[in-house]
Amino acid sequence: MMGRVFVILLACFALVAPVQAEEDIVLGLNQTEVSISTNFNGSEIIIFGAVKRETPIPEGPELAVVVTVSGPSKAVVVRRKERKFGIWVNTDSVEVDRAPSFYAVATSGPIHEVLSRVEDLRYKISIPRAIRSVGAPMEVMDSAAFTEALIRIRTRADQYQLDEDGVTVDQQTLFRATVQLPAALVEGRYNTRIFLTRGGEVVAQYETLIDVRKVGLERWLYNLSREQSLIYGLLSLAIAISAGWLASAAFGLIRR
Amino acid sequence: MQIYLPIAEISVNAFLLLGLGGIVGILSGMFGVGGGFLITPLLFFIGIPPAVAVATGANQIVASSFSALLAHLKRKTVDLRMGSVLLIGGLVGAAGGVSIFNYLKSLGQVDLLVNLCYVIFLGIIGALMFIESLNALYKTRSGKRQPRKKHTWIHKLPFKMRFRVTGLYISVIPPLLVGAFVGLLAAIMGVGGGFIMVPAMIYLLGMPTKVVVGTSLFQILFVTAFTTLLHATTNYTVDIVLAVLLLVGGVVGAQFGTTLGTKLKAEQLRILLALLVLIVCGKLALDLLLQPSELYSIGFSS
């Protein structure tokens, strides 16, 4: 009990005190823009960097690195099916008001070793922390099961990833991580965060944005469908009708 | 070969979509059904978001039904007059169906009701058609012929109209009602409605099977074109890239389908369609009855 109070007190102190910038991050990315073109089939982001310091490597616990990549957040509804009158129907639902469309965590070791619970809560690093759910309705007693289901479903689709061996750290100075972006990718700014930790405490932090955008034909079609939806609709009908006519004409020629 | 779909926002195999379109196209040409009741569940299955699948499916049906309709027009197996009467009823019914759909949506549970609609209608129609065509097949084998024209209460209604291609002289009230009913269900279930239209024309209106397919395609073409425009302008869920891939397969398939259809006997055609309807119905019923492997689902809040 006393220990926990002490940890919380320490955390409060850490919030007030500025993070000592004895160690700094110098970062490089293989791409700062991900272009979604017609033949897009997922992408790979390589995050590499070095730790810059004026003093020798500090004594004590070894340096660990945590990398997160987070896609745009959107509110979602998680529904649960129940058997009623012999058929399976949606009954209870819980709204999760912030769930990233994509979220990847890569660490240089087991996440509970490289990151303390307090620091995880503070920086919202692990997958369950990155999701925020408040308004669970009164009649739903087990709202945790709904957020667990959300994580389970999205992890299966590779939209949420936890790679506890995804960062390699060399000589406590150089690090390198690879994050796989799946083919089903939503447009937007992907926030990339890098944390240096020692003994579970965050000692340095760095943030940057990766722009994920549709390009070329994809961009044009998407814009047209939003801005000139009637023209877009007529265009899709015109394509359908002419394709139908073409096929009919072509087969007419073959038969003759 | 993987292709990224701009509206659905996922990447899928192009050849898979071409094949899918082709299969549905063949069925469309053979039976005069748009194939909506097949293509929409198939698109769900490969991971296309439901809203995009429904809207784009409608667009694909426009192409395959137009292609098949042209083939039928050449063969003069389309009753344009009957088709127009059905279409007038259909548009009225579709408008009513959309408002019912929105009402159900406000109550929640619209998915369940759509699924129940599918199971009930596919089940009834499939079973009736199957039994009837088996009987017909048996009778033609044993040498007996069915009486060609039966006079029922339908023939006593007023506002009679002559449908030359069909060879019918009946009141316009039954076709208008059939059209309206199909339009209503089509709007609720998000399909062209051919699988209801074809049996309704055969059994309720007494139209010859040869004309039924072409006339049904005529009506489906307009209903699905209307649906596509509605989805494109209100929900932004029509994916052109997905539609193009599906319809390239679809239009080719539809041409093969019409050729295949002319080679089969009317009774055989009906038995095959009945079997197909029953298979889809069984699949949907199982989904409702068996415990799903994942009880939870993710949806976007409005």
# chains A, B, ... in the order shown; residues from 1 in each chain; ligands from 1
call {"tool": "residues_around", "arguments": {"residues": "Lys84 of chain A", "least_positions_apart": "2", "cutoff": "12 Å", "atoms": "only C-alpha atoms", "output": "PyMOL selection string"}}
result
(chain A and resi 81-82+86-91) or (chain B and resi 112+288-291)
call {"tool": "interface_residues", "arguments": {"of": "chain A", "to": "chain B", "cutoff": "6 Å", "atoms": "only C-alpha atoms", "output": "ChimeraX atom specification"}}
result
/A:38-40,76-81,87-88,183-184,218,229-230,233,240-241,244-245,247-248
call {"tool": "write_last_selection", "arguments": {"atoms": "N, CA and C atoms", "output": "compact mmCIF listing (two decimals), in the first residue's frame"}}
result
# COMPACT_ATOMS: atom_id res chain seq x y z
N THR A 38 -3.15 2.94 -56.70
CA THR A 38 -4.07 1.86 -57.06
C THR A 38 -3.54 0.49 -56.65
N ASN A 39 -2.22 0.29 -56.78
CA ASN A 39 -1.69 -1.04 -56.46
C ASN A 39 -1.14 -1.13 -55.04
N PHE A 40 -1.61 -0.24 -54.15
CA PHE A 40 -1.16 -0.23 -52.76
C PHE A 40 -1.53 -1.53 -52.07
N VAL A 76 -16.36 4.48 -32.19
CA VAL A 76 -16.98 3.27 -32.73
C VAL A 76 -17.99 2.72 -31.73
N VAL A 77 -18.88 1.90 -32.25
CA VAL A 77 -19.86 1.22 -31.39
C VAL A 77 -19.54 -0.26 -31.43
N VAL A 78 -19.36 -0.86 -30.26
CA VAL A 78 -19.14 -2.31 -30.20
C VAL A 78 -20.45 -2.95 -29.77
N ARG A 79 -20.95 -3.88 -30.60
CA ARG A 79 -22.22 -4.53 -30.29
C ARG A 79 -21.98 -5.99 -29.94
N ARG A 80 -22.86 -6.51 -29.07
CA ARG A 80 -22.74 -7.91 -28.71
C ARG A 80 -24.02 -8.64 -29.09
N LYS A 81 -23.84 -9.86 -29.62
CA LYS A 81 -24.99 -10.68 -29.99
C LYS A 81 -25.39 -11.57 -28.83
N ILE A 87 -32.69 -17.15 -32.22
CA ILE A 87 -31.78 -16.56 -33.20
C ILE A 87 -30.84 -15.57 -32.52
N TRP A 88 -29.71 -15.35 -33.19
CA TRP A 88 -28.67 -14.48 -32.61
C TRP A 88 -28.90 -13.05 -33.06
N ALA A 183 -2.86 -3.45 -45.64
CA ALA A 183 -3.40 -2.96 -46.90
C ALA A 183 -4.67 -2.13 -46.68
N ALA A 184 -5.43 -2.50 -45.65
CA ALA A 184 -6.65 -1.74 -45.36
C ALA A 184 -6.26 -0.55 -44.49
N GLU A 218 -6.80 7.39 -57.24
CA GLU A 218 -7.50 7.15 -55.98
C GLU A 218 -7.96 8.47 -55.36
N SER A 229 -21.02 14.47 -55.88
CA SER A 229 -21.53 13.11 -55.78
C SER A 229 -22.50 12.76 -56.90
N LEU A 230 -23.26 13.74 -57.40
CA LEU A 230 -24.21 13.43 -58.47
C LEU A 230 -23.46 13.05 -59.74
N GLY A 233 -22.01 9.66 -59.29
CA GLY A 233 -23.04 8.63 -59.45
C GLY A 233 -23.39 8.40 -60.90
N ALA A 240 -21.23 1.59 -66.15
CA ALA A 240 -21.96 0.33 -66.09
C ALA A 240 -22.73 0.08 -67.39
N ILE A 241 -23.43 1.12 -67.87
CA ILE A 241 -24.24 0.96 -69.08
C ILE A 241 -23.35 0.69 -70.29
N GLY A 244 -21.96 -2.79 -70.24
CA GLY A 244 -22.99 -3.74 -70.61
C GLY A 244 -23.22 -3.76 -72.11
N TRP A 245 -23.23 -2.56 -72.72
CA TRP A 245 -23.45 -2.48 -74.16
C TRP A 245 -22.28 -3.06 -74.94
N ALA A 247 -20.09 -5.33 -74.02
CA ALA A 247 -20.05 -6.79 -73.94
C ALA A 247 -21.08 -7.39 -74.89
N SER A 248 -22.26 -6.80 -74.91
CA SER A 248 -23.33 -7.30 -75.77
C SER A 248 -22.92 -7.19 -77.24
call {"tool": "residues_around", "arguments": {"residues": "segment 37-42 of chain B", "least_positions_apart": "3", "cutoff": "8 Å", "atoms": "only C-alpha atoms", "output": "PyMOL selection string"}}
result
chain B and resi 20-21+24+45-46+50+53-54+57+191+280
call {"tool": "closest_residue", "arguments": {"among": "A:Asp142, A:Thr155, A:Arg176, A:Leu196", "to": "Asn30 of chain A", "atoms": "only C-alpha atoms"}}
result
A:Arg176
call {"tool": "closest_residue", "arguments": {"among": "A:Glu187, A:Glu227, A:Asp170, A:Asp165", "to": "Gly49 of chain A", "atoms": "only C-alpha atoms"}}
result
A:Asp170
call {"tool": "atom_distance", "arguments": {"atom1": "atom CA of Met82 of chain B", "atom2": "atom CA of Leu235 of chain A"}}
result
29.1 Å
call {"tool": "residues_around", "arguments": {"residues": "segment 143-150 of chain A", "least_positions_apart": "3", "cutoff": "12 Å", "atoms": "only C-alpha atoms", "output": "PyMOL selection string"}}
result
(chain A and resi 75-81+92-101+127-140+153-157+159-160) or (chain B and resi 294-299)
call {"tool": "write_last_selection", "arguments": {"atoms": "N, CA and C atoms", "output": "short mmCIF file (atom, residue, chain, number, x, y, z; two decimals), in the first residue's frame"}}
result
data_model
loop_
_atom_site.label_atom_id
_atom_site.label_comp_id
_atom_site.auth_asym_id
_atom_site.auth_seq_id
_atom_site.Cartn_x
_atom_site.Cartn_y
_atom_site.Cartn_z
N ALA A 75 -14.79 7.47 -33.24
CA ALA A 75 -15.67 6.81 -32.27
C ALA A 75 -16.30 5.59 -32.93
N VAL A 76 -16.36 4.48 -32.19
CA VAL A 76 -16.98 3.27 -32.73
C VAL A 76 -17.99 2.72 -31.73
N VAL A 77 -18.88 1.90 -32.25
CA VAL A 77 -19.86 1.22 -31.39
C VAL A 77 -19.54 -0.26 -31.43
N VAL A 78 -19.36 -0.86 -30.26
CA VAL A 78 -19.14 -2.31 -30.20
C VAL A 78 -20.45 -2.95 -29.77
N ARG A 79 -20.95 -3.88 -30.60
CA ARG A 79 -22.22 -4.53 -30.29
C ARG A 79 -21.98 -5.99 -29.94
N ARG A 80 -22.86 -6.51 -29.07
CA ARG A 80 -22.74 -7.91 -28.71
C ARG A 80 -24.02 -8.64 -29.09
N LYS A 81 -23.84 -9.86 -29.62
CA LYS A 81 -24.99 -10.68 -29.99
C LYS A 81 -25.39 -11.57 -28.83
N ASP A 92 -26.75 -5.75 -26.45
CA ASP A 92 -26.04 -4.65 -25.78
C ASP A 92 -25.03 -4.00 -26.71
N SER A 93 -24.80 -2.71 -26.49
CA SER A 93 -23.75 -2.04 -27.24
C SER A 93 -23.06 -1.02 -26.34
N VAL A 94 -21.77 -0.82 -26.61
CA VAL A 94 -20.99 0.15 -25.85
C VAL A 94 -20.29 1.05 -26.85
N GLU A 95 -20.37 2.36 -26.59
CA GLU A 95 -19.69 3.28 -27.48
C GLU A 95 -18.28 3.54 -26.97
N VAL A 96 -17.32 3.39 -27.85
CA VAL A 96 -15.94 3.69 -27.51
C VAL A 96 -15.63 5.01 -28.20
N ASP A 97 -15.40 6.07 -27.41
CA ASP A 97 -15.36 7.37 -28.08
C ASP A 97 -14.02 7.72 -28.71
N ARG A 98 -12.98 6.95 -28.39
CA ARG A 98 -11.75 7.17 -29.13
C ARG A 98 -11.05 5.85 -29.36
N ALA A 99 -11.01 5.43 -30.61
CA ALA A 99 -10.30 4.21 -30.97
C ALA A 99 -9.53 4.48 -32.25
N PRO A 100 -8.19 4.42 -32.19
CA PRO A 100 -7.43 4.67 -33.42
C PRO A 100 -7.73 3.62 -34.49
N SER A 101 -7.77 4.05 -35.75
CA SER A 101 -8.03 3.11 -36.82
C SER A 101 -6.85 2.16 -37.00
N ILE A 127 -1.83 -0.74 -25.99
CA ILE A 127 -3.07 -0.71 -26.77
C ILE A 127 -4.31 -0.42 -25.91
N PRO A 128 -4.49 -1.10 -24.76
CA PRO A 128 -5.69 -0.80 -23.97
C PRO A 128 -5.75 0.65 -23.49
N ARG A 129 -4.58 1.26 -23.29
CA ARG A 129 -4.55 2.66 -22.83
C ARG A 129 -4.84 3.62 -23.97
N ALA A 130 -4.52 3.22 -25.20
CA ALA A 130 -4.70 4.11 -26.34
C ALA A 130 -6.18 4.26 -26.70
N ILE A 131 -7.01 3.35 -26.16
CA ILE A 131 -8.45 3.39 -26.42
C ILE A 131 -9.13 4.08 -25.26
N ARG A 132 -10.05 4.96 -25.55
CA ARG A 132 -10.77 5.60 -24.45
C ARG A 132 -12.25 5.31 -24.58
N SER A 133 -12.81 4.76 -23.51
CA SER A 133 -14.22 4.45 -23.51
C SER A 133 -14.81 5.02 -22.23
N VAL A 134 -15.76 5.90 -22.38
CA VAL A 134 -16.47 6.35 -21.18
C VAL A 134 -17.90 5.84 -21.21
N GLY A 135 -18.81 6.56 -21.80
CA GLY A 135 -20.23 6.28 -21.68
C GLY A 135 -20.73 4.86 -21.90
N ALA A 136 -20.39 3.91 -21.02
CA ALA A 136 -21.02 2.61 -21.09
C ALA A 136 -22.40 2.72 -20.43
N PRO A 137 -23.45 2.22 -21.10
CA PRO A 137 -24.79 2.36 -20.52
C PRO A 137 -24.92 1.59 -19.21
N MET A 138 -25.89 2.00 -18.39
CA MET A 138 -26.06 1.43 -17.05
C MET A 138 -26.31 -0.07 -17.07
N GLU A 139 -27.07 -0.55 -18.08
CA GLU A 139 -27.47 -1.96 -18.06
C GLU A 139 -26.32 -2.90 -18.47
N VAL A 140 -25.23 -2.32 -19.00
CA VAL A 140 -24.10 -3.18 -19.36
C VAL A 140 -23.16 -3.26 -18.17
N ILE A 153 -10.65 -8.00 -32.16
CA ILE A 153 -11.05 -7.99 -33.57
C ILE A 153 -10.04 -7.23 -34.41
N ARG A 154 -9.59 -6.08 -33.88
CA ARG A 154 -8.66 -5.27 -34.67
C ARG A 154 -7.26 -5.88 -34.69
N THR A 155 -6.89 -6.60 -33.64
CA THR A 155 -5.59 -7.26 -33.65
C THR A 155 -5.59 -8.36 -34.71
N ARG A 156 -6.71 -9.07 -34.82
CA ARG A 156 -6.82 -10.13 -35.81
C ARG A 156 -6.68 -9.56 -37.23
N ALA A 157 -7.14 -8.33 -37.42
CA ALA A 157 -7.07 -7.71 -38.74
C ALA A 157 -5.76 -6.96 -38.94
N GLN A 159 -4.77 -4.48 -37.48
CA GLN A 159 -4.91 -3.03 -37.32
C GLN A 159 -4.32 -2.59 -35.99
N TYR A 160 -4.29 -3.51 -35.01
CA TYR A 160 -3.60 -3.23 -33.75
C TYR A 160 -2.47 -4.25 -33.64
N GLU B 294 -17.56 -15.02 -33.40
CA GLU B 294 -17.26 -13.76 -32.71
C GLU B 294 -18.59 -13.09 -32.37
N LEU B 295 -18.86 -12.96 -31.07
CA LEU B 295 -20.15 -12.40 -30.65
C LEU B 295 -20.19 -10.89 -30.80
N TYR B 296 -19.02 -10.28 -30.85
CA TYR B 296 -18.96 -8.82 -30.89
C TYR B 296 -18.74 -8.32 -32.31
N SER B 297 -19.23 -7.15 -32.61
CA SER B 297 -18.97 -6.55 -33.92
C SER B 297 -18.73 -5.06 -33.72
N ILE B 298 -17.97 -4.49 -34.66
CA ILE B 298 -17.62 -3.07 -34.56
C ILE B 298 -18.39 -2.30 -35.62
N GLY B 299 -19.03 -1.22 -35.21
CA GLY B 299 -19.72 -0.35 -36.15
C GLY B 299 -19.32 1.08 -35.87
#
call {"tool": "closest_residue", "arguments": {"among": "B:Gly282, B:Pro49, B:Gly183, B:Gly19", "to": "Val119 of chain B", "atoms": "only C-alpha atoms"}}
result
B:Gly282
